[in-house]
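Participant: So that we are looking at the same thing, I have put the structure below in structure tokens.
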Amino acid sequence: MNKEEMASYLGQQTNHEKSFNFRLNVFFLATFLIFTVLIVRLAYLQLVQGPTMQKEEANIATKSVSIAPIRGTIFDSTGENKIAYSSSTQSLYMSLDKNYSLEENKAELSSIISELKAVFDEYGDPETTMTAQEIEEALDITYRQNYGYTPRRIKTDLTNEEIAYFLSHKEDFPGVEVVEENIRHYDKDTVAVQTVGYMKPFRSVIDPEYGIDFYIQAKEEEDPALQYLDNEEVGYDGVELMFQEELRGTKGLKTFPVDSQNRISGESTLTPPDKGNNVWLSINKDVQMATEQAIMDQLEYLQTTSNPAVYAPNAKTGFAVAMEVDTGQIVAMASMPDYDSNVWSEGSKTQEEINKISPFSSNGAIREVYQSYGSQEESYKHPSSTVLLGSVIKPLSVLIGLNEGLFTTSTIYNDTGVGKFGKKGYESTVRNSSGHVYGQIDPASAIEHSSNAFMIEMVANKLFDKYNTGGVEVWDSYMKQFGLGVSTESGLPGEQDGLREYIHEQETTGTQSALAYASFGQQGKYTTLQLAQYTVMLANEGKRLKPQIASKITDEDGNVVKEFGAEILNTVEMDDAYWDEIKQGMNSNVQGFDNFPYDYARKTGTSQQNVGGVDVENGVFITFAPRDNPKLAIAVVIPEGKFGSNSAAPVARKIYDAYDKYIGLDGTPKGNEAAEQDEEQSAN
């Protein structure tokens with residue numbers, strides 16, 4: 001290698017060394033920078049974000065379980081009678097620390113069930129013993145009803161011996177805990193059971209198709225303090241549902257750490273629940289019980305009497321509402337027969353048990369309810385609780401005629417016993433009940449004698465002449481103003497508006513036909529509560545009051561949280577002479593009012609309707625007393641009871657007597673004096 005080649009080689013080596021050194025320096029610099037960033041990032045996480053992340057970690061590693069609050073009490077109007085109340089009981093809960101649905105844990109599960117059953121059998125109440133299958137279902141090992149961390153309620157209403165055993169053998173039953181909770185009870189006298197309602201577990205009322213909207217929405221609540229426990233008992237119907245939030249109180253929370261598989265891994269912390277508020281019904285227990293008994297006695301009489309004019313073998317249900325004229329408070333609401341709602345407190349029901357009580361569990365005084373008559377086919381031949389109102393519409397028919405200027409209070413009509421309507425030469429005819437001919441009558445007499453002919457020819461025909469096809473719209477407006485065909489706005493869940501059948505009649509047969517049949521009560525089906533509200537309007541001359549089912553709400557210490565007074569929904573202004581005229585006419589002849597010490601306004605109704613191809617007659621009766629200073633209004637409906645004067649009126653008399661005895665139709669309770677009169681009447 002010559003000198004030039006050697007120099008070239010050495011130059012190349014030097015360049016390679018320089019390049020290598022440069023790359024090495026770049027590598028060390030990059031490594032230094034990376035480690036610097038990592039160290040700074042780690043320091044930032046520890047010093048700046050550390051506390052926040054620790055809190056998040058704690059949140060992830062803890063779970064909260066809701067504890068159902070102690071539900072408030074439902075009193076009657078006097079506050080002396082508990083209609084629904086909760087009592088403390090001790091229940092056994094168990095938290096699962098592993099997945100017992102796995103085959104590897106089946107033996108341990110079997111051992112736990114056997115040990116629990118042995119304790120229940122030896123120390124428990126023989127009436128409430130549990131089978132191994134029932135214990136396994138309560139454990140819910142497949143998580144169908146509960147999350148993994150949710151304690152399972154195994155048994156409630158533990159005996160003192162069971163409690164003592166489990167408390168003294170905690171080490172033998174890991175995850176088992178005795179918890180104090182409350183169970184709902186209802187007055188054994190079955191006081192207004194459908195109106196009061198009952199309870200069901202929360203998980204059973206949140207079905208998207210059949211559940212209750214209020215609870216379906218509550219299921220989406222994210223705040224643990226507001227969430228419902230799956231097993232928590234909640235109001236399902238009536239007052240229990242209507243005042244759910246007030247009665248429920250404030251939930252408690254139990255918070256505890258869990259591991260990655262949602263198993264409890266430490267001690268829990270407890271925020272105890274607070275008792276709910278108490279609801280005072282407007283219902284007076286004594287008046288309510290008298291109302292219920294009056295209906296049942298009357299049904300028995302109608303089914304067994306030897307009097308062929310009164311005998312009504314299919315009169316198996318009855319409904320009544322008594323409502324104060326000046327306050328709107330409901331002092332009695334009965335849907336009979338009823339049942340003992342304590343059955344719901346006993347736990348889940350079989351389908352057979354549910355079918356047995358279902359005809360009586362719904363409030364027929366506010367909604368359409370069908371009773372069971374053996375077979376389904378036979379049941380279709382009988383009316384529901386919402387019947388045609390019959391002649392009790394006639395005071396309003398006359399008011400409409402007077403207010404529309406169709407006639408005056410002194411107008412005389414010649415009743416020939418037949419009312420005609422329709423195109424001349426092709427008229428349809430309707431006769432008075434039993435073919436009666438009343439001759440020369442004024443509007444008040446038309447109400448008293450219940451003249452179908454007057455209502456058709458003086459109200460329906462003249463209303464058609466005045467408004468033509470718009471007559472039904474005018475009629476409908478009056479009905480709604482008097483609370484017929486619209487909600488009473490009582491707030492009771494499931495209340496129905498009734499059926500305005502004259503709308504359908506107009507569409508199928510014609511306006512004049514719709515008005516004619518509506519004028520004497522054959523084109524509208526309304527609830528007993530609607531009839532009571534309507535009767536109150538007749539009594540107080542045009543003020544539609546909201547029916548109040550509660551008088552007040554108090555807290556645990558008795559402080560008044562809210563009071564419910566008279567609330568006017570709408571007012572119908574009419575000439576005083578018109579009100580006087582219809583009150584004068586409300587003088588129907590009725591049974592059961594012998595020696596009644598007050599002047600009372602009343603109107604009977606016998607609604608005729610075809611049900612499943614069978615013609616039936618329903619007894620309807622409305623009344624208020626005293627006539628000149630009304631205190632109480634009553635509506636009674638006896639489906640298939642025939643004439644309202646015989647079937648429904650006697651029930652109203654007994655309601656009046658009870659109200660007079662305990663509250664006073666003149667403002668003074670009669671007490672023992674009324675009891676002595678009752679005994680004297682019974683003796684006679």
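Here, A, B, ... name the chains of the structure tokens in the order displayed, residue numbers run from 1 inside each chain, and ligands are numbered from 1 in the same displayed order.
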Might you pull out every residue within 7 Å of region 100-113 of chain A, with only C-alpha atoms counted and same-chain residues fewer than 2 positions away left off, and present them as an NGL selection string?
Facilitator: :A and (98 or 115-117 or 132 or 135-136 or 141-142)
Participant: Restrict the selected residues to all heavy atoms and save them as a tab-separated table (two decimals), in the first residue's frame.
Facilitator:
```tsv
chain	number	residue	atom	x	y	z
A	98	LYS	N	-68.77	-15.30	46.61
A	98	LYS	CA	-68.27	-16.02	45.43
A	98	LYS	C	-69.44	-16.40	44.54
A	98	LYS	O	-70.61	-16.27	44.94
A	98	LYS	CB	-67.49	-17.27	45.85
A	98	LYS	CG	-68.30	-18.27	46.63
A	98	LYS	CD	-67.44	-19.45	47.10
A	98	LYS	CE	-66.37	-18.99	48.06
A	98	LYS	NZ	-65.57	-20.12	48.58
A	115	GLU	N	-77.41	-25.62	56.49
A	115	GLU	CA	-77.19	-25.02	57.80
A	115	GLU	C	-78.26	-23.97	58.12
A	115	GLU	O	-78.75	-23.89	59.25
A	115	GLU	CB	-75.79	-24.40	57.85
A	115	GLU	CG	-74.67	-25.43	57.82
A	115	GLU	CD	-73.29	-24.79	57.70
A	115	GLU	OE1	-73.23	-23.54	57.68
A	115	GLU	OE2	-72.30	-25.53	57.60
A	116	LEU	N	-78.62	-23.15	57.12
A	116	LEU	CA	-79.66	-22.15	57.33
A	116	LEU	C	-80.99	-22.82	57.64
A	116	LEU	O	-81.72	-22.41	58.56
A	116	LEU	CB	-79.79	-21.26	56.10
A	116	LEU	CG	-78.66	-20.27	55.84
A	116	LEU	CD1	-78.86	-19.58	54.48
A	116	LEU	CD2	-78.59	-19.22	56.94
A	117	LYS	N	-81.32	-23.85	56.87
A	117	LYS	CA	-82.59	-24.54	57.06
A	117	LYS	C	-82.66	-25.18	58.45
A	117	LYS	O	-83.71	-25.17	59.11
A	117	LYS	CB	-82.80	-25.61	55.99
A	117	LYS	CG	-84.19	-26.26	56.03
A	117	LYS	CD	-84.37	-27.24	54.90
A	117	LYS	CE	-85.79	-27.77	54.86
A	117	LYS	NZ	-86.24	-28.33	56.15
A	132	ALA	N	-85.61	-25.95	51.36
A	132	ALA	CA	-84.28	-25.73	50.78
A	132	ALA	C	-84.40	-25.00	49.45
A	132	ALA	O	-83.58	-24.12	49.12
A	132	ALA	CB	-83.56	-27.07	50.60
A	135	ILE	N	-84.97	-21.30	50.05
A	135	ILE	CA	-83.75	-20.63	50.49
A	135	ILE	C	-82.82	-20.37	49.30
A	135	ILE	O	-82.25	-19.28	49.16
A	135	ILE	CB	-83.03	-21.47	51.56
A	135	ILE	CG1	-83.90	-21.57	52.81
A	135	ILE	CG2	-81.67	-20.86	51.90
A	135	ILE	CD1	-83.34	-22.51	53.88
A	136	GLU	N	-82.68	-21.36	48.42
A	136	GLU	CA	-81.83	-21.18	47.24
A	136	GLU	C	-82.36	-20.08	46.33
A	136	GLU	O	-81.60	-19.27	45.79
A	136	GLU	CB	-81.72	-22.50	46.47
A	136	GLU	CG	-80.79	-22.40	45.26
A	136	GLU	CD	-80.52	-23.74	44.60
A	136	GLU	OE1	-80.87	-24.78	45.19
A	136	GLU	OE2	-79.94	-23.74	43.50
A	141	ILE	N	-78.56	-17.00	43.29
A	141	ILE	CA	-77.17	-17.25	42.90
A	141	ILE	C	-76.91	-16.98	41.42
A	141	ILE	O	-75.76	-16.87	41.00
A	141	ILE	CB	-76.76	-18.70	43.24
A	141	ILE	CG1	-77.64	-19.69	42.47
A	141	ILE	CG2	-76.83	-18.94	44.74
A	141	ILE	CD1	-77.20	-21.14	42.63
A	142	THR	N	-77.97	-16.87	40.63
A	142	THR	CA	-77.79	-16.59	39.20
A	142	THR	C	-77.94	-15.11	38.88
A	142	THR	O	-77.93	-14.71	37.73
A	142	THR	CB	-78.81	-17.39	38.36
A	142	THR	OG1	-80.13	-17.09	38.82
A	142	THR	CG2	-78.56	-18.88	38.50
```
Participant: Counting only C-alpha atoms, what is within 9 Å of Asp187 (chain A), bar same-chain residues fewer than 3 positions away, as a list of chain:residue names?
Facilitator: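 Contacts, with the query itself left out: A:Asn81, A:Lys82, A:Ile83, A:Ala84, A:Tyr85, A:Thr190, A:Val191, A:Val193, A:Asp340, A:Ser341, A:Asn342.
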Participant: Go ahead and save the residues from that selection, with N, CA, C and O atoms, as a compact mmCIF listing (two decimals), in the first residue's frame.
Facilitator:
```txt
# COMPACT_ATOMS: atom_id res chain seq x y z
N ASN A 81 -107.37 6.10 64.07
CA ASN A 81 -107.32 4.78 63.45
C ASN A 81 -106.22 4.71 62.41
O ASN A 81 -106.18 5.53 61.48
N LYS A 82 -105.33 3.74 62.57
CA LYS A 82 -104.28 3.51 61.59
C LYS A 82 -104.82 2.60 60.49
O LYS A 82 -105.08 1.42 60.73
N ILE A 83 -104.97 3.15 59.31
CA ILE A 83 -105.50 2.36 58.20
C ILE A 83 -104.38 1.55 57.54
O ILE A 83 -104.61 0.44 57.07
N ALA A 84 -103.18 2.12 57.49
CA ALA A 84 -102.00 1.42 56.98
C ALA A 84 -100.80 1.89 57.79
O ALA A 84 -100.65 3.09 58.02
N TYR A 85 -99.98 0.96 58.23
CA TYR A 85 -98.84 1.33 59.05
C TYR A 85 -97.73 0.29 58.87
O TYR A 85 -97.97 -0.81 58.38
N THR A 190 -110.56 -4.05 57.01
CA THR A 190 -110.58 -3.80 55.56
C THR A 190 -111.28 -2.49 55.24
O THR A 190 -112.35 -2.45 54.64
N VAL A 191 -110.65 -1.41 55.65
CA VAL A 191 -111.21 -0.07 55.49
C VAL A 191 -110.81 0.51 54.14
O VAL A 191 -109.64 0.79 53.89
N VAL A 193 -110.16 -0.56 51.22
CA VAL A 193 -108.90 -1.17 50.82
C VAL A 193 -108.48 -0.80 49.40
O VAL A 193 -107.30 -0.58 49.12
N ASP A 340 -108.97 -8.57 52.06
CA ASP A 340 -107.97 -8.16 53.04
C ASP A 340 -106.64 -7.92 52.33
O ASP A 340 -105.98 -8.86 51.89
N SER A 341 -106.24 -6.67 52.23
CA SER A 341 -105.02 -6.34 51.49
C SER A 341 -103.75 -6.74 52.24
O SER A 341 -102.65 -6.59 51.71
N ASN A 342 -103.89 -7.26 53.46
CA ASN A 342 -102.71 -7.78 54.16
C ASN A 342 -102.11 -8.98 53.44
O ASN A 342 -100.98 -9.38 53.73
```
Participant: Using only C-alpha atoms, tabulate the residues of region 423-506 of chain A lying at most 9 Å from any atom of region 219-239 of chain A, each with its closest atom pair and that distance in Å to one decimal, by chain and increasing residue number, as JSON lines.
Facilitator:
```
{"residue": "A:Leu492", "atom": "CA", "partner": "A:Gly238", "partner_atom": "CA", "distance": 5.8}
{"residue": "A:Pro493", "atom": "CA", "partner": "A:Gly238", "partner_atom": "CA", "distance": 5.9}
{"residue": "A:Gly494", "atom": "CA", "partner": "A:Asp237", "partner_atom": "CA", "distance": 8.1}
```
Participant: Neighbours of region 362-372 of chain A within 7 Å (only C-alpha atoms; same-chain residues fewer than 4 positions away dropped), as a list in words?
Facilitator: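 Here the qualifying residues turn out to be Gln194, Thr195, Phe319, Ala320, Ala334, Ser335, Ser379, Ser384, Ser385, Thr386, Gly494, Glu495, Gln496, Thr527, Thr528 and Leu529 of chain A.
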Participant: Write out as a PyMOL selection string the residues lying within 6 Å of region 573-586 of chain A, counting only C-alpha atoms and excluding same-chain residues fewer than 2 positions away.
Facilitator: chain A and resi 395+444-445+447-448+601-603
Participant: Write out as a ChimeraX atom specification each polymer residue whose atoms come within 9 Å of region 614-627 of chain A, counting only C-alpha atoms; drop sequence neighbours fewer than 2 positions from it.
Facilitator: /A:315,325,381-383,387-392,531-532,535-536,538-539,583,586,598-612,629-649,652,656,665-666
Participant: From the set A:Ser513, A:Thr129, A:Asn452, A:Thr488, which residue has the shortest atom-to-atom contact distance to Phe464 (chain A), counting only C-alpha atoms?
Facilitator: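 Nearest candidate to Phe464 (chain A) out of A:Ser513, A:Thr129, A:Asn452, A:Thr488: A:Ser513.
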Participant: Between CA of Gly435 (chain A) and CA of Val472 (chain A), what is the distance in Å, rounded to a tenth?
Facilitator: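 For CA of Gly435 (chain A) relative to CA of Val472 (chain A), the distance reads 27.5 Å.
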Participant: When DSSP works through the backbone of this structure, what residues of region 344-473 of chain A end up as helix (DSSP H, G or I), shown as a PyMOL selection string?
Facilitator: chain A and resi 344-346+351-361+376-379+390-403+433-435+443-448+452-473
Participant: Which one of A:Lys552, A:Lys670, A:Lys251, A:Lys480 sits closest to Ile283 (chain A) if you count only C-alpha atoms?
Facilitator: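 Of A:Lys552, A:Lys670, A:Lys251, A:Lys480, the one nearest Ile283 (chain A), counting only C-alpha atoms, is A:Lys552.
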